[in-house]
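Q: Data file upload02.csv (CSV, C-alpha atoms) is appended below.
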chain,number,residue,atom,x,y,z
G,97,MET,CA,0.0,0.0,0.0
G,98,TRP,CA,1.4,3.4,-1.0
G,99,PRO,CA,1.8,5.8,0.5
G,100,PRO,CA,2.3,4.1,3.9
G,101,LYS,CA,-0.4,4.8,6.5
G,102,GLY,CA,0.5,6.7,9.6
G,103,PRO,CA,1.2,10.3,10.5
G,104,MET,CA,3.1,12.3,7.9
G,105,LEU,CA,4.2,15.3,9.9
G,106,LYS,CA,5.9,15.0,13.3
G,107,PRO,CA,8.4,17.2,15.2
G,108,ASP,CA,12.1,17.2,14.0
G,109,LEU,CA,11.2,15.7,10.6
G,110,GLN,CA,13.1,17.2,7.7
G,111,ILE,CA,10.9,17.7,4.6
G,112,GLY,CA,12.9,19.2,1.7
G,113,ARG,CA,13.9,22.7,2.8
G,114,TYR,CA,11.6,22.6,5.9
G,115,ARG,CA,12.1,21.2,9.4
G,116,VAL,CA,8.9,20.4,11.3
G,117,LEU,CA,8.8,22.1,14.8
G,118,GLN,CA,5.6,21.5,16.7
G,119,PRO,CA,1.8,21.1,16.0
G,120,ILE,CA,-0.5,24.1,15.9
G,121,GLY,CA,-3.7,23.8,17.9
G,122,ARG,CA,-4.7,20.3,19.1
G,123,GLY,CA,-1.8,18.6,17.4
G,124,LYS,CA,-3.6,15.9,15.5
G,125,PRO,CA,-1.2,13.7,13.6
G,126,ASP,CA,-1.6,15.2,10.1
G,127,GLY,CA,-3.0,18.6,11.1
G,128,LEU,CA,-1.2,21.9,11.0
G,129,PHE,CA,2.4,22.2,12.1
G,130,THR,CA,4.9,25.0,12.5
G,131,VAL,CA,7.9,24.6,10.2
G,132,VAL,CA,11.1,26.5,9.7
G,133,ASP,CA,12.9,26.7,6.4
G,134,VAL,CA,16.7,26.8,5.7
G,135,ASP,CA,16.7,30.6,6.0
G,136,GLY,CA,15.1,30.5,9.4
G,137,ARG,CA,11.7,31.7,8.3
G,138,HIS,CA,8.6,30.2,10.0
G,139,PHE,CA,5.6,28.9,8.2
G,140,ALA,CA,2.7,26.6,8.7
G,141,MET,CA,2.5,23.2,6.9
G,142,ARG,CA,-0.2,20.8,6.4
G,143,SER,CA,-0.3,17.3,4.8
G,144,PRO,CA,-4.0,17.4,4.2
G,145,ILE,CA,-4.6,14.1,2.4
G,146,ALA,CA,-3.3,11.0,4.1
G,147,ASP,CA,-4.1,7.3,4.5
G,148,LEU,CA,-5.4,7.0,0.9
G,149,ASP,CA,-5.7,3.4,-0.2
G,150,ASP,CA,-4.0,4.1,-3.6
G,151,SER,CA,-0.7,4.9,-5.2
G,152,GLY,CA,1.4,7.9,-4.7
G,153,SER,CA,0.9,8.8,-8.4
G,154,ALA,CA,-2.9,9.0,-7.8
G,155,ILE,CA,-2.4,11.7,-5.2
G,156,THR,CA,0.0,13.6,-7.5
G,157,ASP,CA,-2.2,13.3,-10.6
G,158,ARG,CA,-5.5,14.0,-9.0
G,159,PHE,CA,-4.9,16.5,-6.2
G,160,LEU,CA,-1.8,18.4,-7.0
G,161,PRO,CA,-3.4,20.6,-9.7
G,162,ASP,CA,-6.3,21.4,-7.4
G,163,ALA,CA,-4.0,22.4,-4.6
G,164,LEU,CA,-1.8,24.4,-6.9
G,165,ALA,CA,-4.8,26.4,-8.0
G,166,LEU,CA,-5.4,27.5,-4.4
G,167,LYS,CA,-2.2,29.4,-4.5
G,168,GLN,CA,-3.8,31.9,-6.9
G,169,VAL,CA,-6.5,32.9,-4.4
G,170,MET,CA,-4.7,35.7,-2.7
G,171,HIS,CA,-6.4,38.4,-0.5
G,172,LEU,CA,-5.5,40.4,2.5
G,173,ASN,CA,-8.2,38.6,4.5
G,174,LEU,CA,-7.2,35.0,3.5
G,175,VAL,CA,-4.3,33.0,4.8
G,176,PRO,CA,-2.0,32.8,1.8
G,177,LEU,CA,-0.7,29.5,0.5
G,178,PHE,CA,2.9,29.8,-0.5
G,179,GLU,CA,4.0,26.4,-1.8
G,180,VAL,CA,2.5,23.1,-2.7
G,181,PHE,CA,4.6,20.0,-3.4
G,182,VAL,CA,4.5,16.2,-3.3
G,183,THR,CA,7.2,14.3,-1.3
G,184,GLU,CA,9.1,11.3,-2.5
G,185,LYS,CA,6.7,9.1,-0.6
G,186,GLY,CA,3.7,10.6,-2.4
G,187,TYR,CA,2.4,13.0,0.4
G,188,LEU,CA,0.9,16.3,-0.6
G,189,CYS,CA,2.3,19.1,1.5
G,190,MET,CA,1.0,22.7,1.6
G,191,VAL,CA,3.1,25.5,3.1
G,192,MET,CA,1.2,28.6,4.2
G,193,GLU,CA,1.6,31.7,6.3
G,194,ARG,CA,2.2,31.1,10.0
G,195,VAL,CA,-0.4,33.6,11.4
G,196,ASN,CA,0.4,34.9,14.8
G,197,GLY,CA,-2.9,35.9,16.4
G,198,ARG,CA,-5.9,34.6,18.3
G,199,THR,CA,-8.7,32.7,16.8
G,200,LEU,CA,-12.2,34.1,16.6
G,201,ARG,CA,-13.1,31.2,19.0
G,202,ALA,CA,-10.9,32.7,21.6
G,203,ALA,CA,-12.2,36.2,21.0
G,204,ILE,CA,-15.8,35.1,21.4
G,205,ASP,CA,-15.0,33.2,24.6
G,206,GLU,CA,-13.2,36.3,26.0
G,207,GLY,CA,-16.4,38.3,25.4
G,208,ASN,CA,-14.7,41.6,24.5
G,209,LEU,CA,-15.6,42.1,20.8
G,210,GLY,CA,-18.6,44.5,21.2
G,211,PRO,CA,-21.2,44.9,18.5
G,212,ARG,CA,-19.2,47.3,16.3
G,213,GLY,CA,-16.1,45.0,16.6
G,214,ALA,CA,-18.2,42.0,15.6
G,215,LEU,CA,-19.4,43.8,12.4
G,216,ILE,CA,-15.9,45.0,11.6
G,217,ILE,CA,-14.7,41.4,11.8
G,218,ALA,CA,-17.7,40.2,9.8
G,219,ARG,CA,-17.0,42.7,7.0
G,220,GLN,CA,-13.4,41.4,6.7
G,221,ILE,CA,-14.6,37.8,6.6
G,222,LEU,CA,-17.0,38.7,3.8
G,223,ASP,CA,-14.3,40.6,1.9
G,224,GLY,CA,-12.1,37.5,1.9
G,225,ALA,CA,-15.1,35.3,1.0
G,226,ALA,CA,-16.1,37.5,-1.8
G,227,HIS,CA,-12.7,37.2,-3.4
G,228,ALA,CA,-12.6,33.4,-3.0
G,229,HIS,CA,-16.1,33.0,-4.3
G,230,ASP,CA,-15.2,35.1,-7.4
G,231,ALA,CA,-12.4,32.7,-7.9
G,232,GLY,CA,-14.8,29.7,-7.7
G,233,ARG,CA,-13.8,28.6,-4.2
G,234,ILE,CA,-16.2,27.6,-1.5
G,235,HIS,CA,-15.0,27.2,2.1
G,236,ARG,CA,-17.7,24.7,3.3
G,237,ALA,CA,-16.5,24.7,6.9
G,238,LEU,CA,-16.4,28.3,8.1
G,239,GLN,CA,-16.4,28.4,11.9
G,240,PRO,CA,-14.6,30.4,14.7
G,241,SER,CA,-11.5,28.2,14.7
G,242,ARG,CA,-11.0,29.0,11.0
G,243,VAL,CA,-10.9,32.8,11.5
G,244,LEU,CA,-7.7,34.3,12.8
G,245,LEU,CA,-7.3,37.8,14.3
G,246,VAL,CA,-4.0,39.6,14.0
G,247,ALA,CA,-3.4,42.5,16.4
G,248,MET,CA,-2.7,45.8,14.5
G,249,GLU,CA,-2.5,49.4,15.7
G,250,GLY,CA,-5.9,49.8,17.4
G,251,TRP,CA,-7.7,47.1,15.4
G,252,GLU,CA,-7.5,43.4,14.4
G,253,LEU,CA,-6.9,42.1,10.9
G,254,VAL,CA,-8.9,39.1,9.9
G,255,LYS,CA,-7.3,36.1,8.2
G,256,VAL,CA,-9.6,33.3,7.1
G,257,ALA,CA,-7.9,29.9,6.9
G,258,ASP,CA,-8.5,26.8,4.8
G,259,PHE,CA,-10.5,28.2,1.9
G,260,GLY,CA,-10.8,25.4,-0.7
G,261,LEU,CA,-9.3,22.6,1.4
G,262,ASN,CA,-12.6,21.0,2.2
G,263,THR,CA,-13.2,20.7,-1.6
G,264,LEU,CA,-10.1,18.5,-1.6
G,265,ARG,CA,-11.7,16.5,1.2
G,266,GLU,CA,-15.0,16.0,-0.6
G,267,ASP,CA,-13.2,15.0,-3.8
G,268,ALA,CA,-11.1,12.5,-1.9
G,269,VAL,CA,-14.2,11.0,-0.3
G,270,ILE,CA,-16.0,10.6,-3.6
G,271,GLU,CA,-13.0,9.1,-5.5
G,272,PHE,CA,-11.5,7.0,-2.7
G,273,GLY,CA,-14.5,6.1,-0.7
G,274,ASN,CA,-13.2,7.0,2.7
G,275,ASP,CA,-12.5,10.1,4.8
G,276,ALA,CA,-9.1,10.9,3.3
G,277,LEU,CA,-8.6,14.2,5.0
G,278,THR,CA,-7.1,14.4,8.4
G,279,GLY,CA,-6.0,17.0,10.9
G,280,SER,CA,-8.0,20.1,11.6
G,281,VAL,CA,-9.7,20.3,8.2
G,282,ARG,CA,-12.7,18.1,8.8
G,283,LYS,CA,-16.4,18.2,8.5
G,284,VAL,CA,-17.9,21.5,9.7
G,285,THR,CA,-19.2,21.5,13.3
G,286,ALA,CA,-23.0,21.1,13.5
G,287,ALA,CA,-23.5,24.6,14.9
G,288,TYR,CA,-22.3,26.2,11.7
G,289,MET,CA,-23.8,23.8,9.1
G,290,ALA,CA,-26.2,25.2,6.6
G,291,PRO,CA,-29.5,23.3,6.0
G,292,GLU,CA,-28.3,22.0,2.6
G,293,GLN,CA,-25.2,20.5,4.3
G,294,VAL,CA,-27.3,18.7,6.8
G,295,LYS,CA,-29.4,17.3,3.9
G,296,GLN,CA,-26.2,16.4,2.1
G,297,ARG,CA,-27.2,18.5,-0.9
G,298,SER,CA,-24.9,20.6,-3.1
G,299,VAL,CA,-23.3,23.7,-1.6
G,300,ASP,CA,-22.5,27.1,-3.1
G,301,GLN,CA,-21.4,30.5,-1.9
G,302,ARG,CA,-24.7,31.0,0.0
G,303,THR,CA,-23.7,28.0,2.2
G,304,ASP,CA,-20.7,30.1,3.3
G,305,LEU,CA,-22.9,33.1,3.9
G,306,TYR,CA,-25.1,31.1,6.2
G,307,ALA,CA,-22.0,30.1,8.2
G,308,ILE,CA,-20.9,33.8,8.3
G,309,GLY,CA,-24.4,34.7,9.6
G,310,THR,CA,-24.0,32.1,12.3
G,311,LEU,CA,-20.6,33.7,13.2
G,312,ILE,CA,-22.2,37.2,13.4
G,313,PHE,CA,-25.0,35.8,15.7
G,314,GLU,CA,-22.4,34.3,18.0
G,315,MET,CA,-20.2,37.3,18.1
G,316,LEU,CA,-23.1,39.5,19.1
G,317,THR,CA,-24.8,37.2,21.6
G,318,GLY,CA,-22.0,34.9,22.8
G,319,ARG,CA,-23.7,31.7,21.5
G,320,PRO,CA,-24.6,30.2,18.1
G,321,PRO,CA,-28.3,30.2,17.1
G,322,TYR,CA,-29.0,26.6,17.9
G,323,LEU,CA,-27.8,24.9,21.1
G,324,ASP,CA,-28.1,21.3,22.1
G,325,SER,CA,-25.6,18.8,23.6
G,326,ASP,CA,-26.5,16.3,20.8
G,327,PRO,CA,-25.0,17.4,17.4
G,328,GLN,CA,-27.8,15.6,15.6
G,329,ASN,CA,-30.4,17.7,17.4
G,330,VAL,CA,-28.5,20.8,16.4
G,331,MET,CA,-28.5,19.6,12.7
G,332,ASN,CA,-32.2,19.1,12.9
G,333,LEU,CA,-32.7,22.6,14.2
G,334,GLN,CA,-30.6,23.9,11.3
G,335,VAL,CA,-33.1,22.4,9.0
G,336,SER,CA,-36.4,23.1,10.7
G,337,GLY,CA,-35.8,25.1,13.9
G,338,ARG,CA,-37.0,28.6,14.3
G,339,LEU,CA,-34.3,31.2,14.5
G,340,PRO,CA,-34.1,32.5,18.1
G,341,ASN,CA,-35.5,35.9,18.7
G,342,LEU,CA,-32.7,38.4,19.5
G,343,ASP,CA,-34.9,40.1,22.1
G,344,ASP,CA,-35.1,36.8,23.9
G,345,VAL,CA,-31.5,35.9,23.6
G,346,ALA,CA,-30.2,39.3,24.6
G,347,PRO,CA,-33.1,41.1,26.2
G,348,GLY,CA,-32.7,44.9,26.3
G,349,ALA,CA,-29.5,44.9,24.4
G,350,PRO,CA,-29.1,48.4,22.9
G,351,TRP,CA,-27.4,47.0,19.7
G,352,ILE,CA,-30.6,45.2,18.6
G,353,THR,CA,-31.7,47.3,15.7
G,354,GLY,CA,-33.9,46.7,12.6
G,355,PRO,CA,-30.8,46.4,10.3
G,356,ILE,CA,-29.2,43.9,12.7
G,357,LYS,CA,-32.3,41.8,12.7
G,358,GLU,CA,-32.6,42.0,8.9
G,359,LEU,CA,-28.9,41.0,8.5
G,360,LEU,CA,-29.3,37.9,10.7
G,361,ASN,CA,-32.8,36.8,9.5
G,362,ARG,CA,-31.7,36.9,5.8
G,363,SER,CA,-28.3,35.3,6.2
G,364,LEU,CA,-29.7,32.5,8.3
G,365,ALA,CA,-32.8,31.8,6.1
G,366,LYS,CA,-33.4,28.1,5.6
G,367,GLU,CA,-33.8,28.3,1.9
G,368,ARG,CA,-30.9,29.6,-0.1
G,369,GLU,CA,-33.1,31.6,-2.4
G,370,GLU,CA,-34.1,33.7,0.6
G,371,ARG,CA,-30.6,34.5,1.7
G,372,PHE,CA,-28.1,37.0,0.4
G,373,GLN,CA,-27.2,35.7,-3.0
G,374,ASN,CA,-23.6,36.8,-2.9
G,375,ALA,CA,-21.1,38.3,-0.4
G,376,GLN,CA,-21.4,41.8,-1.8
G,377,GLN,CA,-25.1,41.9,-1.0
G,378,MET,CA,-24.3,40.8,2.6
G,379,ILE,CA,-21.5,43.3,2.9
G,380,GLN,CA,-24.1,46.1,2.1
G,381,ALA,CA,-26.3,44.7,4.9
G,382,VAL,CA,-23.4,44.7,7.3
G,383,GLU,CA,-22.7,48.3,6.5
G,384,ARG,CA,-26.3,49.2,7.1
G,385,ALA,CA,-26.2,47.3,10.4
G,386,PHE,CA,-23.0,49.1,11.4
G,387,ALA,CA,-24.6,52.5,10.6
G,388,SER,CA,-27.6,51.6,12.8
G,389,LEU,CA,-25.2,51.6,15.9
G,390,GLN,CA,-24.5,55.3,15.8
G,391,HIS,CA,-26.5,55.7,19.0
G,392,LEU,CA,-24.1,53.5,21.0
G,393,PRO,CA,-21.2,54.9,23.0
G,394,LYS,CA,-17.7,54.2,21.6
G,395,GLU,CA,-16.4,50.8,22.5
Give the structure from this file in structure tokens form.
A:
Amino acid sequence: MWPPKGPMLKPDLQIGRYRVLQPIGRGKPDGLFTVVDVDGRHFAMRSPIADLDDSGSAITDRFLPDALALKQVMHLNLVPLFEVFVTEKGYLCMVMERVNGRTLRAAIDEGNLGPRGALIIARQILDGAAHAHDAGRIHRALQPSRVLLVAMEGWELVKVADFGLNTLREDAVIEFGNDALTGSVRKVTAAYMAPEQVKQRSVDQRTDLYAIGTLIFEMLTGRPPYLDSDPQNVMNLQVSGRLPNLDDVAPGAPWITGPIKELLNRSLAKEREERFQNAQQMIQAVERAFASLQHLPKE
């Protein structure tokens, strides 16, 4: 069987001009690792497709062109992919920017975003998504752990990670009949799944916009729209549950305005035809929502 099964990336491993240092995040075997090149520069590396029951040439022939195409999707609000190559053993490796910042998950848990800050972050996520969508790339798994916040002078720059990698996963599942993608790029968490994903139907850019709507809801309220300890129940609510009323979730919150409600109600509509049809439409709604907060004191 080729390539051999087992973790590809591990500390102290030398891969071409890169030496693997340590895992990023939870440290799953073939997840994201910090690497250093021969010039001492630090990057992040992922070997996203592993344990394929096929030959190394199949990996190269099928997935390398798709991965190389992702290098062309460059935007300020997307984590850039710098290099893609296949090792002698047939492993696909992707080298990307090592982003030094906190995740949106950490920011939400810290509870210090504020309504204006939440919309500023949402606008940047949408800017990156608009560029990727124009290039024909769908994320499919947007969630707080995929959004990185880099501290700047008085604000935070958003970097969205993993745009397009879940397409590789879906293709691998279809062609090889197993979950061929490992590490942190996995199926989207139930709390951020669009109804069409739960129903296992086709996805498009409106699927990403639903996930972004969920992120906005959580940034504003501290919780995603649908809560349950059982992920299956959450998925059922994504399909048929009623969107919680903001006045019930955050009673008396001064940031609850008509444009805020309109933004969330439309982005989280069950039917794709009722959502924003593209990121630019949703950006306009975010701008209206931001303008509706003029009555609030500065954060």
Q: Select, from G:Leu359, G:Ile234, G:Ala346, G:Ala140, the residue with the minimum atom-to-atom distance to Ala218 (chain G), counting all atoms listed in the file.
A: G:Leu359
Q: Pick the closest to Phe313 (chain G) from G:Pro161, G:Pro211, G:Pro347, G:Pro393: which is it, counting all atoms listed in the file?
A: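 Closest residue, counting all atoms listed in the file: G:Pro211.
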Q: Between G:Pro320, G:Gly250, G:Gly213, G:Gly309, which residue has the minimum interatomic distance to Phe386 (chain G), considering only C-alpha atoms?
A: G:Gly213
Q: Which residue is closest to Tyr288 (chain G)? Choose from G:Met331, G:Cys189, G:Ala247, G:Val254 and count all atoms listed in the file.
A: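 Result for the nearest residue to Tyr288 (chain G): G:Met331.
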Q: Env of Asp343 (chain G): 12 Å cut, atoms = all atoms listed in the file, seq-sep filter 3 positions within chain, self excluded. Answer as a list in words.
A: Thr317, Leu339, Pro340, Ala346, Pro347, Gly348, Ala349, Pro350, Trp351, Ile352, Thr353, Gly354, Ile356 and Lys357 of chain G
Q: Within 8 Å of region 118-122 of chain G, counting only C-alpha atoms, which residues show up once you throw out same-chain ones fewer than 2 positions away? Write them as a list of chain:residue names, please.
A: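 Contacts, in chain order: G:Lys106, G:Pro107, G:Val116, G:Lys124, G:Gly127, G:Leu128, G:Phe129, G:Thr130, G:Val131.
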Q: Using all atoms listed in the file, find the one residue out of G:Asn196, G:Arg201, G:Ala257, G:Gln301 that sits nearest to Ala231 (chain G).
A: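 Looking only at the distances to Ala231 (chain G), the closest residue turns out to be G:Gln301.
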Q: Could you list, as a VMD selection string, every residue within 10 Å of region 369-371 of chain G, counting all atoms listed in the file and ignoring same-chain residues fewer than 2 positions away?
A: chain G and resid 302 to 303 305 to 306 359 to 367 373 to 374 377 to 378
Q: For the selection just defined, write its residues with C-alpha atoms to a file, as a short mmCIF file (atom, residue, chain, number, x, y, z; two decimals), in the frame of the given file.
A:
data_model
loop_
_atom_site.label_atom_id
_atom_site.label_comp_id
_atom_site.auth_asym_id
_atom_site.auth_seq_id
_atom_site.Cartn_x
_atom_site.Cartn_y
_atom_site.Cartn_z
CA ARG G 302 -24.70 31.00 0.00
CA THR G 303 -23.70 28.00 2.20
CA LEU G 305 -22.90 33.10 3.90
CA TYR G 306 -25.10 31.10 6.20
CA LEU G 359 -28.90 41.00 8.50
CA LEU G 360 -29.30 37.90 10.70
CA ASN G 361 -32.80 36.80 9.50
CA ARG G 362 -31.70 36.90 5.80
CA SER G 363 -28.30 35.30 6.20
CA LEU G 364 -29.70 32.50 8.30
CA ALA G 365 -32.80 31.80 6.10
CA LYS G 366 -33.40 28.10 5.60
CA GLU G 367 -33.80 28.30 1.90
CA GLN G 373 -27.20 35.70 -3.00
CA ASN G 374 -23.60 36.80 -2.90
CA GLN G 377 -25.10 41.90 -1.00
CA MET G 378 -24.30 40.80 2.60
#
Q: Quick one, how far is CA of Gln380 (chain G) from CA of Gly224 (chain G)?
A: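 So the answer is 14.8 Å.
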Q: Check the smallest atom-to-atom distance from each of G:Val256, G:Ala214, G:Ala203, G:Ile111 to Pro176 (chain G) using only C-alpha atoms, then report the winner.
A: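 Counting only C-alpha atoms, the residue closest to Pro176 (chain G) is G:Val256.
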Q: Ala228 (chain G): which residues within 10 Å, counting all atoms listed in the file, same-chain residues fewer than 4 positions away excluded, as a list in words?
A: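 In the requested form, the answer reads Leu166, Gln168, Val169, Met170, His171, Leu174, Leu222, Asp223, Gly224, Gly232, Arg233, Ile234, His235, Phe259, Gly260 and Gln301 of chain G.
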Q: Have a look at CA of Leu188 (chain G) and CA of Leu160 (chain G) and let me know their distance in Å, one decimal.
A: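 These atoms are spaced 7.3 Å apart.
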Q: If we count only C-alpha atoms and set the cut-off at 10 Å, which residues sit around Val195 (chain G), ignoring sequence neighbours fewer than 6 positions away in its own chain? Please answer as a list of chain:residue names.
A: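 Contacts, in chain order: G:His138, G:Phe139, G:Ala140, G:Val175, G:Pro176, G:Leu244, G:Leu245, G:Val246, G:Lys255, G:Ala257.
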Q: Should you be able to, write region 363-383 of chain G of this structure into a file that contains N, CA and C atoms, as a PDB file, in the first residue's frame.
A:
ATOM      1  N   SER G 363     -29.451  36.198   6.364  1.00  0.00           N
ATOM      2  CA  SER G 363     -28.286  35.321   6.182  1.00  0.00           C
ATOM      3  C   SER G 363     -28.554  33.925   6.715  1.00  0.00           C
ATOM      4  N   LEU G 364     -29.462  33.797   7.685  1.00  0.00           N
ATOM      5  CA  LEU G 364     -29.745  32.503   8.299  1.00  0.00           C
ATOM      6  C   LEU G 364     -31.068  31.904   7.828  1.00  0.00           C
ATOM      7  N   ALA G 365     -31.562  32.345   6.678  1.00  0.00           N
ATOM      8  CA  ALA G 365     -32.781  31.765   6.113  1.00  0.00           C
ATOM      9  C   ALA G 365     -32.542  30.304   5.745  1.00  0.00           C
ATOM     10  N   LYS G 366     -33.553  29.477   5.932  1.00  0.00           N
ATOM     11  CA  LYS G 366     -33.419  28.050   5.637  1.00  0.00           C
ATOM     12  C   LYS G 366     -33.208  27.798   4.147  1.00  0.00           C
ATOM     13  N   GLU G 367     -33.927  28.521   3.318  1.00  0.00           N
ATOM     14  CA  GLU G 367     -33.849  28.330   1.871  1.00  0.00           C
ATOM     15  C   GLU G 367     -32.800  29.272   1.290  1.00  0.00           C
ATOM     16  N   ARG G 368     -31.946  28.739   0.446  1.00  0.00           N
ATOM     17  CA  ARG G 368     -30.875  29.556  -0.129  1.00  0.00           C
ATOM     18  C   ARG G 368     -31.407  30.741  -0.933  1.00  0.00           C
ATOM     19  N   GLU G 369     -32.536  30.546  -1.580  1.00  0.00           N
ATOM     20  CA  GLU G 369     -33.100  31.615  -2.404  1.00  0.00           C
ATOM     21  C   GLU G 369     -33.508  32.820  -1.564  1.00  0.00           C
ATOM     22  N   GLU G 370     -33.713  32.627  -0.259  1.00  0.00           N
ATOM     23  CA  GLU G 370     -34.132  33.714   0.619  1.00  0.00           C
ATOM     24  C   GLU G 370     -32.952  34.400   1.305  1.00  0.00           C
ATOM     25  N   ARG G 371     -31.754  33.857   1.129  1.00  0.00           N
ATOM     26  CA  ARG G 371     -30.565  34.469   1.730  1.00  0.00           C
ATOM     27  C   ARG G 371     -29.981  35.533   0.799  1.00  0.00           C
ATOM     28  N   PHE G 372     -28.915  36.170   1.273  1.00  0.00           N
ATOM     29  CA  PHE G 372     -28.122  37.007   0.377  1.00  0.00           C
ATOM     30  C   PHE G 372     -27.572  36.092  -0.705  1.00  0.00           C
ATOM     31  N   GLN G 373     -27.592  36.564  -1.930  1.00  0.00           N
ATOM     32  CA  GLN G 373     -27.178  35.711  -3.036  1.00  0.00           C
ATOM     33  C   GLN G 373     -25.681  35.750  -3.295  1.00  0.00           C
ATOM     34  N   ASN G 374     -25.006  36.726  -2.736  1.00  0.00           N
ATOM     35  CA  ASN G 374     -23.558  36.794  -2.858  1.00  0.00           C
ATOM     36  C   ASN G 374     -23.000  37.628  -1.706  1.00  0.00           C
ATOM     37  N   ALA G 375     -21.697  37.579  -1.542  1.00  0.00           N
ATOM     38  CA  ALA G 375     -21.058  38.260  -0.420  1.00  0.00           C
ATOM     39  C   ALA G 375     -21.210  39.772  -0.499  1.00  0.00           C
ATOM     40  N   GLN G 376     -21.225  40.327  -1.700  1.00  0.00           N
ATOM     41  CA  GLN G 376     -21.370  41.779  -1.838  1.00  0.00           C
ATOM     42  C   GLN G 376     -22.713  42.252  -1.302  1.00  0.00           C
ATOM     43  N   GLN G 377     -23.767  41.500  -1.538  1.00  0.00           N
ATOM     44  CA  GLN G 377     -25.073  41.857  -0.978  1.00  0.00           C
ATOM     45  C   GLN G 377     -25.022  41.855   0.549  1.00  0.00           C
ATOM     46  N   MET G 378     -24.367  40.855   1.102  1.00  0.00           N
ATOM     47  CA  MET G 378     -24.292  40.759   2.561  1.00  0.00           C
ATOM     48  C   MET G 378     -23.399  41.845   3.142  1.00  0.00           C
ATOM     49  N   ILE G 379     -22.360  42.240   2.414  1.00  0.00           N
ATOM     50  CA  ILE G 379     -21.516  43.348   2.859  1.00  0.00           C
ATOM     51  C   ILE G 379     -22.342  44.619   2.994  1.00  0.00           C
ATOM     52  N   GLN G 380     -23.207  44.889   2.041  1.00  0.00           N
ATOM     53  CA  GLN G 380     -24.062  46.075   2.107  1.00  0.00           C
ATOM     54  C   GLN G 380     -24.957  46.023   3.343  1.00  0.00           C
ATOM     55  N   ALA G 381     -25.467  44.834   3.671  1.00  0.00           N
ATOM     56  CA  ALA G 381     -26.318  44.687   4.856  1.00  0.00           C
ATOM     57  C   ALA G 381     -25.506  44.895   6.136  1.00  0.00           C
ATOM     58  N   VAL G 382     -24.257  44.438   6.151  1.00  0.00           N
ATOM     59  CA  VAL G 382     -23.386  44.660   7.308  1.00  0.00           C
ATOM     60  C   VAL G 382     -23.125  46.153   7.474  1.00  0.00           C
ATOM     61  N   GLU G 383     -22.925  46.853   6.388  1.00  0.00           N
ATOM     62  CA  GLU G 383     -22.689  48.301   6.469  1.00  0.00           C
ATOM     63  C   GLU G 383     -23.925  49.019   7.009  1.00  0.00           C
TER      64      GLU G 383
END
